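Novice: Attaching a single structure in C-alpha cells format; questions to follow.
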Amino acid sequence: MSKPRIGIYGLTSCAGDQLVLLNCEDELLDVLSAVDLRSFVMATSQNPEGELDVAFVEGAVTQDSDLELLRDVRTRSKLLIAIGTCAVWGGIPYLSGRGVPISQHVKVDYSLPGCPIEKKQLLSALSSLIHGDLPLKLPYPVCLECTIRENSCLLQAGEICCGPLTAGGCGARCPSHNRPCLGCRGPSLDPNYQAATKILAKHGYDVEDVHRKLALFSGTNSSKEGRQVG
Amino acid sequence: MSQLLAKTENPYRPVRAKIVDLRDLTPETRLFQVKLVDPKAARDFDYRPGQFCQISALGTGEAPISISSSPTRPGLLEFCIRRVGRTTSALHRLNPNDEVGIRGPYGNGFPVDYMEGKDVLIVAGGVGLAPVRSLLLYILDNRDQFRSVTLLYGARSLEDMLFREELKTLERHPDLNILLTLDSGDTRLWPFRTGLVTSLFEEITVAPKTVAAVCVPPVAYKFVTKGLLDKGISGEDIFMSLERKMHCGIGKCGCCAVGSKYCCQDGPVFTYWDALNLPDMI
Amino acid sequence: MAKIHLDHISRVEGHGALTVTLAEDRIQDVKLNLFEGMRGFESVVLGRSYAEVPAIIERICAICSAGHAVTAHMAVEKAMGIQVTQQTKLLRELAFMGMTIESHALHIFALALPDFLGYAGITDMSVDHPETVRLALEVKKTGNLVQEVVGGRAVHNVNMTIGGFGVLPSKEAVANLREKLSEALEAVDGVVDLLSGLSIPTYQGEPILFKAVKPAEGFGFFGDTVAFSDGTEFPVEAYKTSFHETRIEHSHAKQSTRGGEPFMVGALARINLFGHLLTGKAAEVLRTLSIPVPSTNAIYNNLAQVVELVYALERASAICDRLLTEGIQPEDPVGFEVRPGTGTVATEAPRGTLYHSFSLDEEGRVTAADVITPTALNQASAEKEIALVGKSHFSSGEDRLKELFEVTVRAYDPCISCSVHLIKADGSAKSTLQKKVIG
Amino acid sequence: MKTVVLPRENLEPFLGRIARGHDLIVPKKTGNDVVFDYYQEGCQIALEYRRTLLPPKKFFLPPEEVLFRYKKGQGFTEPEPEVGRRVFFGLHPCDIHALKRLDYVFLEGYVDTYYRRRRERTLIIGLSCLPDDKCFCHSMGTDLVSDGFDLFFTDLGEVYLVEVGSTSGNDLVLTHRDLVSEVVDEAILKEYKTFISTRSDLFVQTLDTSGLSKILTLEWESPFWEKVAQDCLACGRCSMSCPTCYCFSIYDQVNLDSISGERSRSWTSCLYKDYALVAGGHNFRPSRGARLRQRLMHKHKDFFEQQGVSACVGCGRCQANCPAGIDFCQVLTSLRGDISESAVG
Ligand SMILES: Cc1cc2nc3c(=O)[nH]c(=O)nc-3n(C[C@H](O)[C@H](O)[C@H](O)COP(=O)(O)OP(=O)(O)OC[C@H]3O[C@@H](n4cnc5c(N)ncnc54)[C@H](O)[C@@H]3O)c2cc1C
Ligand code: SF4
Ligand code: SF4
Ligand code: SF4
C-alpha cells in the first residue's frame with residue numbers, strides 16, 4: 001500500500017487545529033512517516049502540492065483568497081476533511097458576519113469538529129484514513145461523556161450548559177472542570193434547541209441571551225432553529 | 001447446529017477465514033467465497049438458510065451479512081456484500097487470500113423443516129436475494145421434499161440484478177418457476193417484466209398450502225405482505241428476513257430490538273404474525 | 001522595476017505574503033501583507049456578557065491562546081474591580097509560562113531552526129538530528145502539559161473563569177508537572193549547545209526602538225507600565241496615546257508607529273530592555289548564546305526566545321514549588337458584583353506586548369472592546385528591517401535576498417491570526433461571501 | 001436465611017479488613033453527589049446515601065472497554081482479565097435487582113464473557129436505604145431483596161442486621177466472626193419490623209404498574225409520545241445513569257501502522273438519532289418521540305414480556321438526573337389517565 005498523499009491547509013482561523021497536529025509530540029514523527037506530506041505551509045517550506053488523497057482544511061471561508069485555495073484543494077483531492085469548528089460550522093468567524101463553513105462552497109467528505117479538535121480524535125481519524133476508511137462519526141452529545149464522568153449536571157443547576165446540544169468527543173472537558181459547555185464542537189446529531197431554551201427560560205434566563213449563547217459556535221445551524229422559540 | 005465458538009467461549013471474538021475467490025455481481029455487490037482457516041471448523045460449520053454471520057474487516061468494523069451459500073454444499077461459505085458504507089467498503093478492498101473475521105451463524109433462519117411438503121414462494125428485492133439464494137439452493141438440493149417452488153425477484157435495473165448468470169441457468173430448471181422484474185431500464189435482453197416486485201403477483205397463482213419467504217428493502221415489506229395476504233397466504237406462513245442495525249449479533253447490545261424481540265436472535269426471519277404483534281417491525 | 005515576491009510565507013502561524021520592490025540600486029518599497037481573513041473579534045463580543053469575553057477572545061490565536069485568556073480575564077476583572085487571590089495569580093502565571101514554553105519551543109525548533117541548519121522543516125531535520133528533534137518535542141510537550149494541567153486543555157483553555165478556576169489542579173498533577181519541567185530544563189541544555197554554534201546573518205543595523213511591559217519585579221511578563229527603549233514610560237491605560245495605529249492598504253492588520261518610527265516588541269525587546277534582570281540558568285544562557293545586548297538585529301530574536309524559554313521553564317518550576325510547599329488551597333472563584341467600568345491590561349505574550357481593553361455597562365455587557373496584538377505592533381518594524389537587510393545584502397542576488405527576507409520575517413515569529421483578528425466589522429465590511437450564502 | 005448482627009462500630013473494621021484482601025468498592029461522597037468507587041484507606045464511606053449518579057453497572061459493563069486487539073494474520077488477543085476477588089459494598093435493593101436484570105441479558109443464551117468474569121469475581125454486600133421523593137421501587141417490587149447478594153446489611157441504628165445470602169457471604173462472616181454476633185434477639189427483630197414499616201411509609205413517588213405493558217401496547221400510537229419528546233434533550237443522561245440500560249455499540253480502531261488495532265464497545269442510548277439508522281439512510285425510529293417511546297417501552301413492556309419483570313427497578317435515577325426534569329412515572333401515569341396532562345415537572 002503506498003502512503004496516502006496528504007495536504008494540510010488553513011483558511012481563516014486561529015490555526016488551532018493545525019497546532020493540535022503539531023502538539024502530537026509523541027506521535028508526530030510516526031504520523032509524518034506514515035503519509036506522503038505534500039503541503040503543510042505552517043510547518044515546512046517544501047510543499048510540492050499536486051494531487052492529494054486527503055486534504056485537511058481548517059478555518060472558515062471569509063475572503064476570496066480562502067475560496068480560491070479551497071476550490072483548488074478540492075479539485076486536487078480525493079477526500080476533503082474539514083477540521084475544526086470554523087471549517088465545519090463557521091465558528092466564530094461566522095458570528096462576525098464574515099465566515100461561512102467550507103461545506104457551503106465545496107463537498108466535504110468528513111467533518112472533525114472541535115475548537116480545537118481533540119488530539120485523540122485527530123490521531124484516530126488519521127489512522128482510519130491511512131487504513132482507507134472514513135473515520136467514525138460520534139453520534140452522542142457531550143452529556144454522554146459528562147454523565148459517564150459522573151459530573152453534577154450544571155444545566156440542572158441552572159447554568160447555560162450547551163452539552164445536550166453539542167457533539168460529543170471532548171470527554172466533556174468543560175463540565176468536568178465545573179464549567180458549562182460552550183458548545184465549541186458545534187451541534188450534535190440531534191440538538192433540541194427548543195427544549196434547551198425552554199429549560200433555561202424556566203431558570204430565569206433571557207431567551208435572547210440564551211440563543212446567542214447557544215449559537216456561539218454553531219454558526220448556520222442553531223441560530224436559526226433556536227430562534228423559533230419564545 | 002455447530003457454532004464457530006462454543007457458548008462458553010468469548011462470543012465477540014471472530015474466527016479467521018480466508019477469502020478464496022471474489023466475483024462482482026453488480027457494480028456495488030460482490031460475492032465473497034471464504035474458507036475458515038481452521039480446517040476442523042470449516043468441516044463442521046453448519047447453518048440454516050436465512051442465518052447470517054458477523055463479518056469483520058478488522059480495523060474498520062463488523063457487519064451482519066446473510067449466508068448466501070447453502071449448507072448442502074459445505075466447505076466454502078458465500079456472502080454477497082453490497083458496498084454501502086465503511087465496513088462494506090473495507091470488505092470490498094480485500095483481495096483473494098486476505099483474511100476476514102467471522103462470527104456465527106446467528107439468527108433463526110428460514111424454517112426449512114416447516115416448509116417441507118409445501119409450495120414455496122420466494123420474494124426478493126435488490127440485495128434481498130442474498131439470504132433467499134441460500135434457501136433456493138437448499139431447496140434445489142432437496143428438491144423432492146418440497147412442492148412447487150417460485151422465485152419472484154425484482155431489481156432496480158439489469159445492472160443491479162444479483163446472480164444474473166446463475167438465474168439464467170436456473171430459469172431452465174424444470175422444477176423452478178422464476179419471474180424477474182426491473183424497476184426500469186432495458187428489458188429486451190431477457191424476458192423481464194418492468195415494475196416493482198409486487199407487480200409479479202398478478203402473474204402467479206398461489207396454491208392453498210403455500211409458504212412465502214421474503215427479503216426486500218425495509219420500505220417494501222408493507223406492500224409485499226399485503227400482496228401475499230391478498231393471494232390468500234396465511235400471515236403465519238409469510239416469513240420475512242428483516243434488517244436492523246446490529247452490533248453484537250447475539251442479543252446483548254440492544255440495538256436491533258423490535259418490541260420484545262431481538263432481530264439478531266429471534267429473527268432475522270419473522271412471520272407476518274410477529275409483525276402484527278410488534279408495531280414497528282415493518 | 002524588479003520585485004521579490006513571497007506568496008505565502010511558510011513556517012509561520014497564519015497567512016502572510018511579502019513584496020519587496022527593488023530599484024536600480026536600492027530597496028524601493030517593502031510591503032508585508034498579512035492576508036489572513038478577518039474575524040472581527042471586537043464586534044463579536046460587543047453586547048455580550050463579560051463572562052463570555054475570555055472564551056471568545058482566547059480564540060484569536062491558538063499558539064498564544066493562554067496569553068489571551070489570562071489577559072482577558074485580568075482586563076474584565078479590572079473593569080469590575082475584582083481582586084483575585086494570590087493562588088489564582090500564580091496559577092494564571094503558570095499557564096502563561098506553559099504557553100511561553102510551548103510557543104517559543106515551537107518557533108525555535110520547528111519553525112526557525114530548519115533555516116539555520118538548512119532544512120525545509122522538522123521532518124527532514126529529524127532524519128539527521130533525531131536526538132535534537134526528540135528533545136525539542138519533549139520541551140514543547142512540557143509547555144503543553146503545563147497548559148493542560150492548569151487550563152484543562154493545551155489550546156483554548158476551559159478552566160479559567162472570572163475570579164478564579166473551575167477546578168484546581170491536584171497536588172499530584174503539579175508534582176508530576178514539576179518533574180517534567182526539570183527534565184525539560186535538562187533537555188534544553190543539549191539544544192543550547194547546538195544553537196550557540198549557529199552563525200547569525202549580519203547586516204548594517206540601525207537603531208530600532210524597542211518596547212515591552214515593565215515587569216513588576218525581576219524579569220517577567222506582567223506589569224502596569226510600558227517602557228520604550230528611549231527611556232519613556234507610560235501607564236498601560238494610556239496605551240492609545242503612546243503610539244499610533246493606522247489602517248494600511250496592503251495588509252489586513254493595522255500598523256503601529258511612535259512618532260512615525262516603527263518599534264519592535266517581543267523576546268528581543270524584552271531581553272534588550274530587561275535582560276539584565278534575569279537570574280539563574282536563563283542569565284547563564286543569555287551569556288552562552290552571546291546575544292549582543294542591546295541587539296538591533298531581529299534574527300537574534302530567535303536566540304532571545306531561547307533565553308526566555310529557559311526563563312519560563314525556571315519560573316514555572318518555581319511556581320510549582322511554591323504551590324507544593326504552600327499547598328493548593330481548595331478555593332472557589334472569588335465572589336463579585338457586576339458593575340460598569342473599563343479595564344485595560346497589557347501583558348508580554350511570546351511575540352510581544354498584548355493589550356486588552358474592555359468597557360462594560362451596568363449589566364456587565366461589553367460596550368467597547370480593543371485588542372492590540374504584538375504581530376500587528378511589529379509590522380512596521382519588520383518592513384523597515386527587511387529594507388535594511390536588503391540594503392546590506394543588495395548585491396548578493398535575488399535568491400539569497402529572498403531567503404534572507406523570509407528568515408527575517410520568520411525571526412519576528414509572526415502570529416498572523418492574532419494580528420488580523422481586529423479590524424472592526426462596520427456594516428460595509430460584511431464579507432461578500434457570507435452575503436451570498438445567508439442573504 | 002442465616003442472619004447475624006454487626007454492631008455499628010464494627011462496620012469500619014469489618015470493611016477495613018475486607019479491603020486488605022480484596023478490591024473493595026464503596027459508595028463515596030464527592031461534592032454533593034455519591035459515587036461508587038474503590039475504597040482507599042481513610043476514605044469517607046457514604047452510609048446513608050440516596051442514590052449514586054452512575055449505578056453499579058459501570059463495574060460490570062464499563063462505559064468503554066477493549067474487547068480484543070488484533071494484528072493482521074496473527075489473530076486476536078483479549079485484554080488480560082482482571083483477577084482477584086472484589087467486594088462491592090453498599091448496593092441498595094433496587095441496584096441488586098438491577099444486577100439480576102443485567103444477568104438475564106448477559107448470562108443467558110450467549111454468555112458475555114467480559115461481564116461474567118467481573119460478575120463472578122465480585123461479592124455483593126447490600127445495604128438498606130430510605131427513599132426520597134423520587135424512589136418508586138416499592139411500586140416495581142424491588143424495594144426488598146431476597147437473593148442476588150452475598151450479604152445484606154439493614155441499618156437498625158446501633159447494629160446492622162446481616163442477612164447471609166451465599167456461602168461466600170457466610171465465609172466472610174465466619175472469617176470475621178469476632179466482629180459479629182450470632183444472636184438475633186427479640187429487640188432486634190422488633191427494630192427490624194419498625195424499620196420496614198417506617199420505610200414503606202416514606203415513599204412519595206408511585207407508579208401504578210397494573211396492566212402497564214398492555215396499556216403501553218395500546219398507547220403505541222398516542223400523540224403523547226411526541227409531545228413529551230418536545231421537552232426531551234435526547235442527551236442520554238437517563239440511559240447512562242439507569243442501572244438496567246445496557247445498550248452498547250461496537251467499533252474498531254486501527255493503529256497508525258494499519259495492520260493492528262483494537263475492537264471496543266461503549267455505552268450508547270436508544271435516544272440517539274443514529275441508533276436505529278441503517279445503511280441507505282433508513283431510520284426505524286425517525287422521530288425523537290419514537291425513540292423516547294422505545295426507551296419506556298423497553299423498560300416497562302418489552303423486557304416484561306421477555307422476562308416477566310419490568311426492566312425498571314424504580315431507583316429514580318432517570319428523573320433525578322434529567323436536565324429537562326422529565327419524570328417518567330408521571331409520563332406513564334398520564335398515559336394511563338388523562339393524556340393531555342403535562343408530564344414535565
Ligand atoms: C440480518 C442481516 C443480514 C444482512 N445481510 C446482508 C447481505 O447479505 N448483504 C449485504 O450487502 N448486506 C446485508 N445486510 C446489511 C448490512 O449489514 C449493512 O449494509 C452493513 O452493516 C452496512 O455496514 P457499513 O459499515 O458498510 O455501513 P456504515 O458505514 O455503517 O453505513 C451505514 C451506516 O451509516 C449510517 N448512515 C447511513 N446513512 C446515513 C446518513 N444519511 N446520515 C448519517 N448516518 C448515516 C447508519 O448509521 C448506518 O448504519 C444485512 C443486515 C442484517 C441485519
Ligand atoms: S452538565 Fe451539561 S454536559 Fe453535563 S450532563 Fe449536564 S447538560 Fe449535559
Ligand atoms: S464541553 Fe463543550 S465547550 Fe467544552 S470542550 Fe467540550 S464541546 Fe467544547
Ligand atoms: S428507568 Fe429510571 S427509575 Fe427505572 S431503573 Fe432506569 S433509571 Fe431507575
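Labeling convention for the C-alpha cells: chains A, B, ... as they appear, residues from 1 per chain, ligands from 1 in order of appearance.
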May I ask you to extract the residues of chain D within 8 Å of chain B, using only C-alpha atoms, and to give them as a PyMOL selection string?
Specialist: chain D and resi 67-68+70+73+75-76+105-106+109-114+220+246-255+258-263+270+275-280+282+284+297-298+301-303+305-306
Novice: Need to verify the contact set: region 77-94 of chain A, 9 Å, only C-alpha atoms, exclusion of same-chain residues closer than 5 positions in sequence. Can you return it as a compact mmCIF listing (two decimals) with N, CA, C and O atoms, in the first residue's frame?
Specialist:
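Dumped everything to part-v2.txt:
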```txt
# COMPACT_ATOMS: atom_id res chain seq x y z
N ILE A 6 -1.02 13.64 1.46
CA ILE A 6 -1.82 14.44 2.37
C ILE A 6 -1.43 15.91 2.30
O ILE A 6 -0.25 16.24 2.15
N GLY A 7 -2.42 16.79 2.38
CA GLY A 7 -2.16 18.22 2.46
C GLY A 7 -2.92 18.81 3.62
O GLY A 7 -4.03 18.37 3.93
N LEU A 11 -7.62 28.08 6.28
CA LEU A 11 -8.28 29.29 5.75
C LEU A 11 -8.28 30.28 6.92
O LEU A 11 -7.32 30.35 7.65
N THR A 12 -9.38 30.99 7.12
CA THR A 12 -9.37 31.96 8.21
C THR A 12 -9.65 31.28 9.54
O THR A 12 -10.71 30.68 9.71
N SER A 13 -8.69 31.36 10.45
CA SER A 13 -8.83 30.62 11.70
C SER A 13 -7.73 31.05 12.65
O SER A 13 -6.92 31.91 12.34
N GLY A 16 -5.51 26.69 15.35
CA GLY A 16 -5.52 25.76 16.48
C GLY A 16 -5.54 24.30 16.07
O GLY A 16 -4.95 23.45 16.74
N ASP A 17 -6.21 24.01 14.97
CA ASP A 17 -6.34 22.60 14.60
C ASP A 17 -5.05 22.09 13.98
O ASP A 17 -4.65 20.95 14.21
N GLN A 18 -4.39 22.96 13.23
CA GLN A 18 -3.06 22.59 12.72
C GLN A 18 -2.10 22.45 13.90
O GLN A 18 -1.24 21.58 13.90
N GLY A 50 0.19 19.35 -5.74
CA GLY A 50 -0.22 18.31 -6.68
C GLY A 50 -1.44 17.54 -6.20
O GLY A 50 -2.15 17.98 -5.28
N GLU A 51 -1.67 16.38 -6.83
CA GLU A 51 -2.83 15.56 -6.50
C GLU A 51 -2.73 15.04 -5.07
O GLU A 51 -1.65 14.65 -4.63
N LEU A 52 -3.87 15.00 -4.36
CA LEU A 52 -3.86 14.55 -2.97
C LEU A 52 -4.88 13.44 -2.76
O LEU A 52 -5.91 13.40 -3.43
N ASP A 53 -4.56 12.56 -1.82
CA ASP A 53 -5.57 11.59 -1.41
C ASP A 53 -6.48 12.21 -0.36
O ASP A 53 -7.69 12.04 -0.41
N VAL A 54 -5.88 12.89 0.58
CA VAL A 54 -6.69 13.51 1.62
C VAL A 54 -6.20 14.93 1.88
O VAL A 54 -5.01 15.15 2.09
N ALA A 55 -7.15 15.86 1.88
CA ALA A 55 -6.81 17.23 2.27
C ALA A 55 -7.54 17.55 3.56
O ALA A 55 -8.72 17.25 3.71
N PHE A 56 -6.80 18.13 4.50
CA PHE A 56 -7.43 18.61 5.74
C PHE A 56 -7.52 20.12 5.63
O PHE A 56 -6.52 20.78 5.34
N VAL A 57 -8.70 20.63 5.85
CA VAL A 57 -8.85 22.08 5.73
C VAL A 57 -9.39 22.65 7.02
O VAL A 57 -10.43 22.23 7.52
N GLU A 58 -8.63 23.61 7.54
CA GLU A 58 -9.04 24.29 8.76
C GLU A 58 -9.54 25.69 8.40
O GLU A 58 -9.09 26.28 7.44
N GLY A 59 -10.45 26.21 9.20
CA GLY A 59 -10.83 27.61 9.06
C GLY A 59 -12.07 27.83 8.22
O GLY A 59 -12.49 26.98 7.44
N ALA A 60 -12.65 29.00 8.42
CA ALA A 60 -13.85 29.36 7.68
C ALA A 60 -13.44 30.10 6.41
O ALA A 60 -12.31 30.56 6.27
N VAL A 61 -14.39 30.21 5.50
CA VAL A 61 -14.15 30.96 4.28
C VAL A 61 -14.62 32.39 4.54
O VAL A 61 -15.80 32.62 4.77
N THR A 62 -13.68 33.33 4.55
CA THR A 62 -14.09 34.72 4.80
C THR A 62 -13.73 35.65 3.66
O THR A 62 -14.13 36.80 3.66
N ASP A 72 -9.34 25.10 -5.19
CA ASP A 72 -8.16 24.47 -5.78
C ASP A 72 -7.88 23.15 -5.04
O ASP A 72 -7.68 22.10 -5.67
N GLY A 99 -17.62 34.79 8.10
CA GLY A 99 -17.19 33.47 7.67
C GLY A 99 -18.33 32.50 7.43
O GLY A 99 -19.38 32.59 8.05
N VAL A 100 -18.09 31.60 6.52
CA VAL A 100 -19.04 30.50 6.33
C VAL A 100 -18.28 29.19 6.38
O VAL A 100 -17.10 29.13 6.06
N PRO A 101 -18.99 28.11 6.75
CA PRO A 101 -18.34 26.80 6.76
C PRO A 101 -17.96 26.38 5.34
O PRO A 101 -18.62 26.79 4.38
N ILE A 102 -16.94 25.59 5.23
CA ILE A 102 -16.47 25.24 3.89
C ILE A 102 -17.47 24.41 3.11
O ILE A 102 -17.50 24.45 1.90
N SER A 103 -18.36 23.71 3.84
CA SER A 103 -19.33 22.87 3.13
C SER A 103 -20.31 23.73 2.32
O SER A 103 -21.04 23.20 1.49
N VAL A 106 -17.86 23.77 -1.04
CA VAL A 106 -17.38 22.54 -1.70
C VAL A 106 -17.92 21.33 -0.94
O VAL A 106 -18.39 21.45 0.19
N LYS A 107 -17.83 20.19 -1.58
CA LYS A 107 -18.25 18.95 -0.92
C LYS A 107 -17.23 18.60 0.16
O LYS A 107 -16.02 18.61 -0.09
N VAL A 108 -17.75 18.28 1.33
CA VAL A 108 -16.87 17.87 2.43
C VAL A 108 -17.14 16.39 2.71
O VAL A 108 -18.28 15.98 2.87
N ASP A 109 -16.09 15.59 2.71
CA ASP A 109 -16.30 14.16 2.88
C ASP A 109 -16.42 13.74 4.33
O ASP A 109 -17.06 12.74 4.64
N TYR A 110 -15.79 14.48 5.20
CA TYR A 110 -15.89 14.14 6.62
C TYR A 110 -15.58 15.38 7.44
O TYR A 110 -14.72 16.17 7.05
N SER A 111 -16.26 15.51 8.55
CA SER A 111 -16.05 16.67 9.40
C SER A 111 -15.55 16.25 10.76
O SER A 111 -16.12 15.37 11.39
N LEU A 112 -14.50 16.92 11.19
CA LEU A 112 -13.94 16.66 12.51
C LEU A 112 -14.08 17.96 13.29
O LEU A 112 -13.26 18.86 13.14
N PRO A 113 -15.14 18.11 14.07
CA PRO A 113 -15.36 19.39 14.72
C PRO A 113 -14.53 19.53 15.99
O PRO A 113 -13.94 18.56 16.47
N GLY A 114 -14.55 20.71 16.57
CA GLY A 114 -13.84 20.95 17.83
C GLY A 114 -13.14 22.29 17.75
O GLY A 114 -12.70 22.69 16.69
N CYS A 115 -13.06 22.97 18.88
CA CYS A 115 -12.42 24.27 18.90
C CYS A 115 -11.43 24.30 20.05
O CYS A 115 -11.71 24.84 21.08
N PRO A 116 -10.27 23.68 19.88
CA PRO A 116 -9.83 22.98 18.67
C PRO A 116 -10.24 21.50 18.68
O PRO A 116 -10.79 21.03 19.66
N ILE A 117 -9.90 20.81 17.60
CA ILE A 117 -10.15 19.38 17.52
C ILE A 117 -9.38 18.66 18.64
O ILE A 117 -8.41 19.18 19.16
N LEU A 122 -8.11 13.24 16.26
CA LEU A 122 -7.31 13.52 15.07
C LEU A 122 -6.46 12.30 14.74
O LEU A 122 -6.42 11.85 13.59
N CYS A 184 -18.41 24.31 21.89
CA CYS A 184 -17.34 24.61 20.94
C CYS A 184 -17.19 23.55 19.86
O CYS A 184 -16.52 23.78 18.86
N ARG A 185 -17.82 22.39 20.04
CA ARG A 185 -17.71 21.37 19.00
C ARG A 185 -18.85 21.44 18.00
O ARG A 185 -18.96 20.60 17.11
N GLY A 186 -19.70 22.44 18.17
CA GLY A 186 -20.81 22.58 17.23
C GLY A 186 -21.92 21.59 17.54
O GLY A 186 -21.81 20.76 18.44
N PRO A 187 -23.02 21.68 16.77
CA PRO A 187 -24.22 20.91 17.09
C PRO A 187 -24.02 19.40 17.05
O PRO A 187 -23.27 18.88 16.25
N LEU A 216 -23.05 30.33 19.82
CA LEU A 216 -21.69 30.86 19.76
C LEU A 216 -20.82 30.15 18.73
O LEU A 216 -20.09 30.77 17.99
N PHE A 217 -20.92 28.83 18.69
CA PHE A 217 -20.02 28.09 17.81
C PHE A 217 -20.70 27.36 16.67
O PHE A 217 -20.05 26.69 15.91
N SER A 218 -22.03 27.45 16.63
CA SER A 218 -22.67 26.54 15.67
C SER A 218 -23.15 27.23 14.43
O SER A 218 -23.89 26.67 13.65
N GLY A 219 -22.73 28.46 14.26
CA GLY A 219 -22.93 29.15 13.00
C GLY A 219 -24.30 28.96 12.43
O GLY A 219 -25.31 29.19 13.09
N THR A 220 -24.31 28.50 11.22
CA THR A 220 -25.53 28.35 10.45
C THR A 220 -26.61 27.55 11.14
O THR A 220 -27.78 27.78 10.94
N ASN A 221 -26.21 26.61 11.94
CA ASN A 221 -27.21 25.65 12.41
C ASN A 221 -28.15 26.20 13.46
O ASN A 221 -29.33 26.38 13.23
N GLY C 37 -7.76 35.97 6.68
CA GLY C 37 -9.11 36.54 6.70
C GLY C 37 -9.42 37.17 8.04
O GLY C 37 -8.86 36.80 9.06
N MET C 38 -10.33 38.14 8.02
CA MET C 38 -10.62 38.85 9.27
C MET C 38 -11.79 38.22 10.00
O MET C 38 -12.71 37.71 9.40
N ARG C 39 -11.72 38.28 11.31
CA ARG C 39 -12.77 37.64 12.08
C ARG C 39 -13.52 38.59 13.02
O ARG C 39 -14.47 38.21 13.64
N GLY C 40 -13.06 39.80 13.14
CA GLY C 40 -13.83 40.79 13.89
C GLY C 40 -14.18 40.43 15.32
O GLY C 40 -15.34 40.46 15.70
N PHE C 41 -13.20 40.05 16.10
CA PHE C 41 -13.49 39.62 17.47
C PHE C 41 -14.13 40.71 18.31
O PHE C 41 -15.02 40.44 19.10
N VAL C 44 -17.68 40.87 17.77
CA VAL C 44 -18.40 39.69 18.28
C VAL C 44 -18.72 39.84 19.77
O VAL C 44 -19.80 39.48 20.23
N ILE C 56 -14.22 33.79 24.10
CA ILE C 56 -14.25 34.21 22.70
C ILE C 56 -12.88 34.76 22.31
O ILE C 56 -12.29 34.36 21.31
N ARG C 59 -9.80 32.72 21.43
CA ARG C 59 -9.79 32.06 20.12
C ARG C 59 -9.18 32.93 19.02
O ARG C 59 -9.17 32.54 17.86
N GLN C 434 -20.29 35.77 2.64
CA GLN C 434 -21.37 35.38 3.53
C GLN C 434 -22.69 35.92 3.04
O GLN C 434 -23.71 35.28 3.15
```
Novice: Report the residues of region 252-321 of chain C whose backbone DSSP state falls under alpha helix (DSSP H), written as a CSV table (one decimal) with C-alpha atoms, in the first residue's frame.
Specialist:
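The result, written out as result.csv:
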```
chain,number,residue,atom,x,y,z
C,267,ALA,CA,11.6,38.4,23.2
C,268,LEU,CA,14.5,40.5,21.8
C,269,ALA,CA,12.8,43.7,23.0
C,270,ARG,CA,12.4,42.2,26.5
C,271,ILE,CA,15.9,41.0,26.7
C,272,ASN,CA,17.2,44.3,25.4
C,273,LEU,CA,15.2,46.2,28.0
C,274,PHE,CA,15.2,43.9,31.0
C,280,GLY,CA,19.7,31.6,37.3
C,281,LYS,CA,20.1,29.5,34.2
C,282,ALA,CA,18.3,32.0,32.0
C,283,ALA,CA,21.0,34.5,32.7
C,284,GLU,CA,23.7,31.9,32.0
C,285,VAL,CA,22.1,31.0,28.7
C,286,LEU,CA,22.0,34.7,27.7
C,287,ARG,CA,25.7,34.8,28.2
C,288,THR,CA,26.4,31.5,26.5
C,300,TYR,CA,18.7,37.5,17.4
C,301,ASN,CA,15.0,37.3,18.4
C,302,ASN,CA,15.3,33.6,17.9
C,303,LEU,CA,18.0,33.3,20.4
C,304,ALA,CA,16.3,35.7,22.8
C,305,GLN,CA,13.4,33.3,22.7
C,306,VAL,CA,15.8,30.5,23.8
C,307,VAL,CA,16.7,32.6,26.8
C,308,GLU,CA,13.1,33.2,27.6
C,309,LEU,CA,12.3,29.5,27.1
C,310,VAL,CA,14.7,28.8,29.9
C,311,TYR,CA,13.3,31.6,32.0
C,312,ALA,CA,9.8,30.2,31.5
C,313,LEU,CA,10.8,26.7,32.5
C,314,GLU,CA,12.5,28.0,35.6
C,315,ARG,CA,9.7,30.3,36.5
C,316,ALA,CA,7.1,27.6,36.0
C,317,SER,CA,9.2,25.3,38.2
C,318,ALA,CA,9.4,28.0,40.9
C,319,ILE,CA,5.6,28.4,40.9
C,320,CYS,CA,5.1,24.7,41.1
C,321,ASP,CA,7.5,24.5,44.1
```
Novice: How close does chain C get to ligand 3? List, as JSON lines, each residue of chain C within 10 Å, its nearest atom pair and the distance in Å to one decimal, counting only C-alpha atoms and all ligand atoms.
Specialist:
```
{"residue": "C:Ala55", "atom": "CA", "partner": "ligand 3", "partner_atom_place_in_ligand_line": "3 (S)", "distance": 9.3}
{"residue": "C:Gly152", "atom": "CA", "partner": "ligand 3", "partner_atom_place_in_ligand_line": "5 (S)", "distance": 9.2}
{"residue": "C:Arg153", "atom": "CA", "partner": "ligand 3", "partner_atom_place_in_ligand_line": "5 (S)", "distance": 8.4}
{"residue": "C:His156", "atom": "CA", "partner": "ligand 3", "partner_atom_place_in_ligand_line": "5 (S)", "distance": 8.8}
{"residue": "C:Asn157", "atom": "CA", "partner": "ligand 3", "partner_atom_place_in_ligand_line": "5 (S)", "distance": 8.8}
{"residue": "C:Val158", "atom": "CA", "partner": "ligand 3", "partner_atom_place_in_ligand_line": "4 (Fe)", "distance": 6.4}
{"residue": "C:Asn159", "atom": "CA", "partner": "ligand 3", "partner_atom_place_in_ligand_line": "4 (Fe)", "distance": 9.4}
```
Novice: May I ask which of the residues A:Leu22, A:Cys162, A:Leu134, A:Ala167 is the closest one to chain C, counting only C-alpha atoms?
Specialist: A:Leu22
Novice: What do you get as an MDAnalysis selection string if you pick all residues at most 8 Å from ligand 2, counting only C-alpha atoms and all ligand atoms?
Specialist: (chainID A and resid 141:147 151:156 161:164 172 175:176 180:181) or (chainID D and resid 235 237 323)
Novice: What does the distance from CA of Gly169 (chain D) to CA of Thr194 (chain D) come to in Å, to one decimal?
Specialist: 25.7 Å
Novice: According to DSSP computed on the backbone, where in region 51-165 of chain A is there strand (DSSP E)? Give the residues as an NGL selection string.
Specialist: :A and (52-58 or 77-83 or 110-112)
Novice: Go ahead and save the picked residues with C-alpha atoms, as a short mmCIF file (atom, residue, chain, number, x, y, z; two decimals), in the first residue's frame.
Specialist:
```cif
data_model
loop_
_atom_site.label_atom_id
_atom_site.label_comp_id
_atom_site.auth_asym_id
_atom_site.auth_seq_id
_atom_site.Cartn_x
_atom_site.Cartn_y
_atom_site.Cartn_z
CA LEU A 52 -3.86 14.55 -2.97
CA ASP A 53 -5.57 11.59 -1.41
CA VAL A 54 -6.69 13.51 1.62
CA ALA A 55 -6.81 17.23 2.27
CA PHE A 56 -7.43 18.61 5.74
CA VAL A 57 -8.85 22.08 5.73
CA GLU A 58 -9.04 24.29 8.76
CA SER A 77 -8.15 15.93 -3.52
CA LYS A 78 -9.94 12.62 -3.39
CA LEU A 79 -11.17 13.30 0.12
CA LEU A 80 -11.59 16.64 1.80
CA ILE A 81 -11.81 16.66 5.56
CA ALA A 82 -13.00 19.74 7.44
CA ILE A 83 -11.09 20.13 10.69
CA TYR A 110 -15.89 14.14 6.62
CA SER A 111 -16.05 16.67 9.40
CA LEU A 112 -13.94 16.66 12.51
#
```
